[in-house]
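Participant: Below you'll find the structure I mean.
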Amino acid sequence: MNGDDEEMVAASVDPYLPLEWRFSQVFGERSAGEEVQEVDVISAIEFDHYGDHLATGDRGGRVVLFERSDVRNSSGGARRDLEETDHHPLRHPEFRYKTEFQSHDPEFDYLKSLEIEEKINKIRWCQTANGALFLLSTNDKTIKYWKVQDKKMKKVCEVNSDPSKTGALASSSNPSITTACLGNGGVISSLRFPVVTSHESSPVARCRRVYSHAHDYHINSISNNSDGETFISADDLRINLWNLEISNQSFNIVDVKPEKMEDLSEVITSAEFHPTHCNMLAYSSSKGSIRLLDLRQSALCDSHSKLFEEPEAAGPKSFFTEIIASVSDIKFAKEGRYLLSRDYMTLKLWDINMDSGPVSTFQVHEYLKPKLCDLYENDSIFDKFECCISGNGLRAATGSYSNMFRVFGVSPGSTESATLEASRNPMRRHVPVPSRPSRLGSIARVVGSESAGGVDGSSNALDYKTKLLHLAWHPNENSIACAAGNSLYMYYA
């Protein structure tokens, strides 16, 4: 056993040990100097519930599916194969291309004179059935429900006769060759029939439902319910509840639109169903707050059951205070007790049983604070970074600039923090952590203050045009998929 294997075994024994991240795969890697087409930029990433499939959406309205290739079919396999499978429990996930399809096309709203771009905003996997895959995809206005299933392709592989051998055909004993007489006494020596055979199966995508005309503003979130029958869609001012089988009707459960638009003070930025309680969901706002709702209280959730927001910091506020407080993404941990949120500068972990403040706050790129004015001028301050949390709830990840992403240990007492670059050479380096955690609210702690200098510690070295907005954590293993432009990079630990 070599040193790498020993490290991996140790990490598997103690899941709290810091992880050593390694490059796994890349799809769509561009060569040096190659220009990336805008339609090829990845805009959504999502693993399915079991981690056997991965879906990406791009700005061109396409959805690309990948399937896991390192899992053997253990049913009916030889005993030696099963023993080898048991002998390598630490093999990291590997994926291969499965299929792709055009999910959305550009449209034009003639009533509002608005172009609706085809960019995929979100993808969510639904429950599988009869060997078929189901998923939801959405652009700014329209949600679609897709079924992807392997079907055997039938092709004409040959014709049962050779036209050049007409003489031999007349006396042939082949039962599929027929001799026919014409009315004028002429004879057709043979009739040629195509031979159709079934070839290997090929995945075929078919749109089952289209959910449209329910949002006046751009859809920013969709989320499946744990009941397997319903899902929500959210735009800036409303959240709608849908049944998967009914595409012409939805129920408005949240409406924050005021009577006068000049009284509007905040908008909805993200929404997510609780992973196990089908009656609970959470949504975030541009003011940095997160509201937990209980659908059992009322049909229209005008009031929230819990409100999560950070206590106001002492001292003067700047022009950028409210802008950088806007929450761009929220994710529930697998067991549903903890909630992860990302604003422009920080990653926060919340306990839904404690609404006095975040449990932990992690600084993603603190060194950008002096550059907020420049970031506002080039609109980078409005970038919406996503976040993800590991299946065991011990770590979280989020993106930054120069195609960098950060991984933090979120378990109590953890000081794990890593910075990686989305490339074949991640250039991982541990970021110093304050020895004494700061207290925010009740028991919040701050982790990950970057040192000055280095590619991840100096704002001068950052490229604001190359930003890692989208990433996803494998639901069962320490594997991260992230999008850098049109390339999909995967890492494991």
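Letters A, B, ... go to the chains of the structure tokens in the order shown; residues in each chain start at 1; ligands are counted from 1 in the same order.
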From a DSSP pass on the backbone, collect the residues of range 262-459 of chain A flagged as strand (DSSP E) and hand them back as number ranges by chain.
Facilitator: A: 268-273, 280-285, 290-294, 306-308, 329-332, 338-342, 346-351, 360-363, 387-389, 395-399, 404-409, 417-421, 429-430, 445-447
Participant: Mind dumping the selected residues with C-alpha atoms as a PDB file, in the first residue's frame?
Facilitator:
ATOM      1  CA  ILE A 268     -36.754  36.625  -3.261  1.00  0.00           C
ATOM      2  CA  THR A 269     -33.354  35.291  -4.306  1.00  0.00           C
ATOM      3  CA  SER A 270     -33.584  31.544  -3.691  1.00  0.00           C
ATOM      4  CA  ALA A 271     -36.033  28.909  -2.441  1.00  0.00           C
ATOM      5  CA  GLU A 272     -35.616  25.310  -1.308  1.00  0.00           C
ATOM      6  CA  PHE A 273     -37.860  22.550   0.020  1.00  0.00           C
ATOM      7  CA  MET A 280     -41.506  22.932   5.106  1.00  0.00           C
ATOM      8  CA  LEU A 281     -39.559  25.189   2.791  1.00  0.00           C
ATOM      9  CA  ALA A 282     -37.175  28.101   3.094  1.00  0.00           C
ATOM     10  CA  TYR A 283     -36.515  31.134   0.951  1.00  0.00           C
ATOM     11  CA  SER A 284     -33.874  33.843   1.085  1.00  0.00           C
ATOM     12  CA  SER A 285     -34.077  37.536   0.305  1.00  0.00           C
ATOM     13  CA  ILE A 290     -33.950  33.530   5.372  1.00  0.00           C
ATOM     14  CA  ARG A 291     -37.547  32.618   6.154  1.00  0.00           C
ATOM     15  CA  LEU A 292     -38.733  29.142   7.089  1.00  0.00           C
ATOM     16  CA  LEU A 293     -42.324  28.396   6.086  1.00  0.00           C
ATOM     17  CA  ASP A 294     -44.804  25.733   7.166  1.00  0.00           C
ATOM     18  CA  LYS A 306     -39.008  31.294  11.657  1.00  0.00           C
ATOM     19  CA  LEU A 307     -36.790  34.141  10.523  1.00  0.00           C
ATOM     20  CA  PHE A 308     -33.029  33.741  10.260  1.00  0.00           C
ATOM     21  CA  ASP A 329     -28.152  30.618  -2.732  1.00  0.00           C
ATOM     22  CA  ILE A 330     -29.379  28.372   0.080  1.00  0.00           C
ATOM     23  CA  LYS A 331     -29.044  24.601   0.534  1.00  0.00           C
ATOM     24  CA  PHE A 332     -30.400  22.275   3.208  1.00  0.00           C
ATOM     25  CA  TYR A 338     -28.781  22.714   9.036  1.00  0.00           C
ATOM     26  CA  LEU A 339     -29.121  25.259   6.261  1.00  0.00           C
ATOM     27  CA  LEU A 340     -26.254  26.701   4.229  1.00  0.00           C
ATOM     28  CA  SER A 341     -26.431  30.187   2.698  1.00  0.00           C
ATOM     29  CA  ARG A 342     -24.094  32.195   0.495  1.00  0.00           C
ATOM     30  CA  THR A 346     -19.397  34.884   3.191  1.00  0.00           C
ATOM     31  CA  LEU A 347     -20.762  31.385   3.586  1.00  0.00           C
ATOM     32  CA  LYS A 348     -23.042  30.883   6.603  1.00  0.00           C
ATOM     33  CA  LEU A 349     -24.326  27.779   8.365  1.00  0.00           C
ATOM     34  CA  TRP A 350     -27.665  28.010  10.174  1.00  0.00           C
ATOM     35  CA  ASP A 351     -29.377  25.689  12.634  1.00  0.00           C
ATOM     36  CA  SER A 360     -20.766  29.581  11.707  1.00  0.00           C
ATOM     37  CA  THR A 361     -19.605  32.222   9.263  1.00  0.00           C
ATOM     38  CA  PHE A 362     -16.855  31.522   6.743  1.00  0.00           C
ATOM     39  CA  GLN A 363     -15.043  34.324   4.908  1.00  0.00           C
ATOM     40  CA  CYS A 387     -22.984  26.796  -2.462  1.00  0.00           C
ATOM     41  CA  CYS A 388     -23.145  23.078  -1.664  1.00  0.00           C
ATOM     42  CA  ILE A 389     -22.801  20.861   1.391  1.00  0.00           C
ATOM     43  CA  ARG A 395     -18.059  20.215   4.823  1.00  0.00           C
ATOM     44  CA  ALA A 396     -19.318  22.912   2.490  1.00  0.00           C
ATOM     45  CA  ALA A 397     -18.001  24.467  -0.706  1.00  0.00           C
ATOM     46  CA  THR A 398     -18.552  27.614  -2.739  1.00  0.00           C
ATOM     47  CA  GLY A 399     -16.909  29.447  -5.624  1.00  0.00           C
ATOM     48  CA  MET A 404     -11.156  29.297  -7.530  1.00  0.00           C
ATOM     49  CA  PHE A 405     -13.399  27.530  -5.050  1.00  0.00           C
ATOM     50  CA  ARG A 406     -13.256  27.133  -1.286  1.00  0.00           C
ATOM     51  CA  VAL A 407     -13.941  24.082   0.874  1.00  0.00           C
ATOM     52  CA  PHE A 408     -14.638  24.544   4.603  1.00  0.00           C
ATOM     53  CA  GLY A 409     -15.117  22.129   7.470  1.00  0.00           C
ATOM     54  CA  SER A 417     -10.171  25.240   4.997  1.00  0.00           C
ATOM     55  CA  ALA A 418      -8.867  24.720   1.483  1.00  0.00           C
ATOM     56  CA  THR A 419      -8.617  26.777  -1.679  1.00  0.00           C
ATOM     57  CA  LEU A 420      -8.545  25.043  -5.060  1.00  0.00           C
ATOM     58  CA  GLU A 421      -8.460  26.155  -8.667  1.00  0.00           C
ATOM     59  CA  ARG A 429      -3.282  25.379  -0.228  1.00  0.00           C
ATOM     60  CA  HIS A 430      -4.558  25.538   3.334  1.00  0.00           C
ATOM     61  CA  ARG A 445     -17.556  31.493  14.587  1.00  0.00           C
ATOM     62  CA  VAL A 446     -15.567  32.986  11.735  1.00  0.00           C
ATOM     63  CA  VAL A 447     -13.247  30.734   9.767  1.00  0.00           C
TER      64      VAL A 447
END
Participant: Tell me, as a CSV table (one decimal) with N, CA and C atoms, in the first residue's frame, which residues lie within 6 Å of Glu118 in chain A, counting only C-alpha atoms; anything in the same chain fewer than 4 positions away does not count.
Facilitator:
chain,number,residue,atom,x,y,z
A,60,GLY,N,-26.8,28.0,-23.8
A,60,GLY,CA,-27.5,27.7,-25.1
A,60,GLY,C,-28.7,26.9,-25.0
A,61,GLY,N,-29.2,26.6,-23.7
A,61,GLY,CA,-30.4,25.9,-23.5
A,61,GLY,C,-30.3,24.4,-23.6
A,104,HIS,N,-34.4,24.2,-23.9
A,104,HIS,CA,-35.1,25.4,-24.2
A,104,HIS,C,-34.5,26.1,-25.4
A,105,ASP,N,-35.4,26.9,-26.0
A,105,ASP,CA,-35.0,27.7,-27.2
A,105,ASP,C,-35.3,29.1,-26.9
A,106,PRO,N,-34.6,30.1,-27.6
A,106,PRO,CA,-35.0,31.5,-27.3
A,106,PRO,C,-36.4,31.8,-27.8
Participant: I want to know what sits within 9 Å of range 473-476 of chain A, based on only C-alpha atoms, with residues of the same chain fewer than 2 positions away left out; could you give that as a short mmCIF file (atom, residue, chain, number, x, y, z; two decimals) with N, CA and C atoms, in the first residue's frame?
Facilitator:
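The resulting file, part.cif, is shown below:
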data_model
loop_
_atom_site.label_atom_id
_atom_site.label_comp_id
_atom_site.auth_asym_id
_atom_site.auth_seq_id
_atom_site.Cartn_x
_atom_site.Cartn_y
_atom_site.Cartn_z
N GLU A 46 -26.11 19.64 -11.32
CA GLU A 46 -26.90 18.94 -10.29
C GLU A 46 -26.63 17.44 -10.35
N PHE A 47 -26.26 16.84 -9.19
CA PHE A 47 -26.22 15.39 -9.04
C PHE A 47 -27.63 14.88 -8.76
N ASP A 48 -27.89 13.62 -9.15
CA ASP A 48 -29.16 13.03 -8.75
C ASP A 48 -29.08 12.54 -7.32
N HIS A 49 -30.18 12.00 -6.80
CA HIS A 49 -30.28 11.65 -5.38
C HIS A 49 -29.25 10.61 -4.97
N TYR A 50 -28.92 9.68 -5.86
CA TYR A 50 -28.00 8.60 -5.53
C TYR A 50 -26.56 8.91 -5.97
N GLY A 51 -26.38 9.94 -6.75
CA GLY A 51 -25.04 10.27 -7.22
C GLY A 51 -24.59 9.46 -8.42
N PRO A 93 -15.63 8.42 -7.55
CA PRO A 93 -16.61 8.40 -8.64
C PRO A 93 -15.99 8.85 -9.96
N LYS A 334 -28.37 17.27 4.24
CA LYS A 334 -29.12 16.08 3.89
C LYS A 334 -30.15 15.70 4.95
N CYS A 388 -22.73 24.47 -1.80
CA CYS A 388 -23.15 23.08 -1.66
C CYS A 388 -22.58 22.52 -0.37
N ILE A 389 -23.20 21.47 0.13
CA ILE A 389 -22.80 20.86 1.39
C ILE A 389 -22.68 19.36 1.17
N SER A 390 -21.72 18.74 1.85
CA SER A 390 -21.45 17.32 1.66
C SER A 390 -22.61 16.48 2.20
N GLY A 391 -22.68 15.24 1.75
CA GLY A 391 -23.75 14.35 2.17
C GLY A 391 -23.75 14.07 3.66
N ASN A 392 -22.54 14.03 4.26
CA ASN A 392 -22.48 13.81 5.71
C ASN A 392 -22.58 15.10 6.51
N ALA A 396 -18.56 22.12 3.46
CA ALA A 396 -19.32 22.91 2.49
C ALA A 396 -18.34 23.53 1.51
N ALA A 397 -18.85 23.88 0.33
CA ALA A 397 -18.00 24.47 -0.71
C ALA A 397 -18.75 25.57 -1.43
N LEU A 471 -21.42 24.85 -8.68
CA LEU A 471 -20.75 23.64 -8.25
C LEU A 471 -21.73 22.76 -7.47
N ASN A 478 -17.08 12.15 -1.12
CA ASN A 478 -16.37 13.42 -1.16
C ASN A 478 -15.88 13.67 -2.59
N SER A 479 -16.77 14.14 -3.40
CA SER A 479 -16.48 14.45 -4.79
C SER A 479 -17.24 15.72 -5.17
N ILE A 480 -16.56 16.64 -5.82
CA ILE A 480 -17.15 17.93 -6.19
C ILE A 480 -17.06 18.11 -7.70
N ALA A 481 -18.17 18.54 -8.30
CA ALA A 481 -18.20 18.91 -9.71
C ALA A 481 -18.39 20.42 -9.78
N CYS A 482 -17.57 21.10 -10.58
CA CYS A 482 -17.69 22.55 -10.68
C CYS A 482 -17.50 22.99 -12.12
#
Participant: So the first atom is CA of Gln25 in chain A and the second is CA of Asp463 in chain A; what is the distance between them in Å, to one decimal place?
Facilitator: 23.5 Å
Participant: Of the candidates A:Thr415, A:Thr138, A:Ser423, A:Ser43, which shows the shortest atom-to-atom distance to Phe385 in chain A, using only C-alpha atoms?
Facilitator: A:Ser43
Participant: Report as a ChimeraX atom specification all protein, DNA and RNA residues lying within 12 Å of Ser265 in chain A, evaluated on only C-alpha atoms, omitting residues in the same chain fewer than 6 positions from it.
Facilitator: /A:236-237,256-258,285-288,322
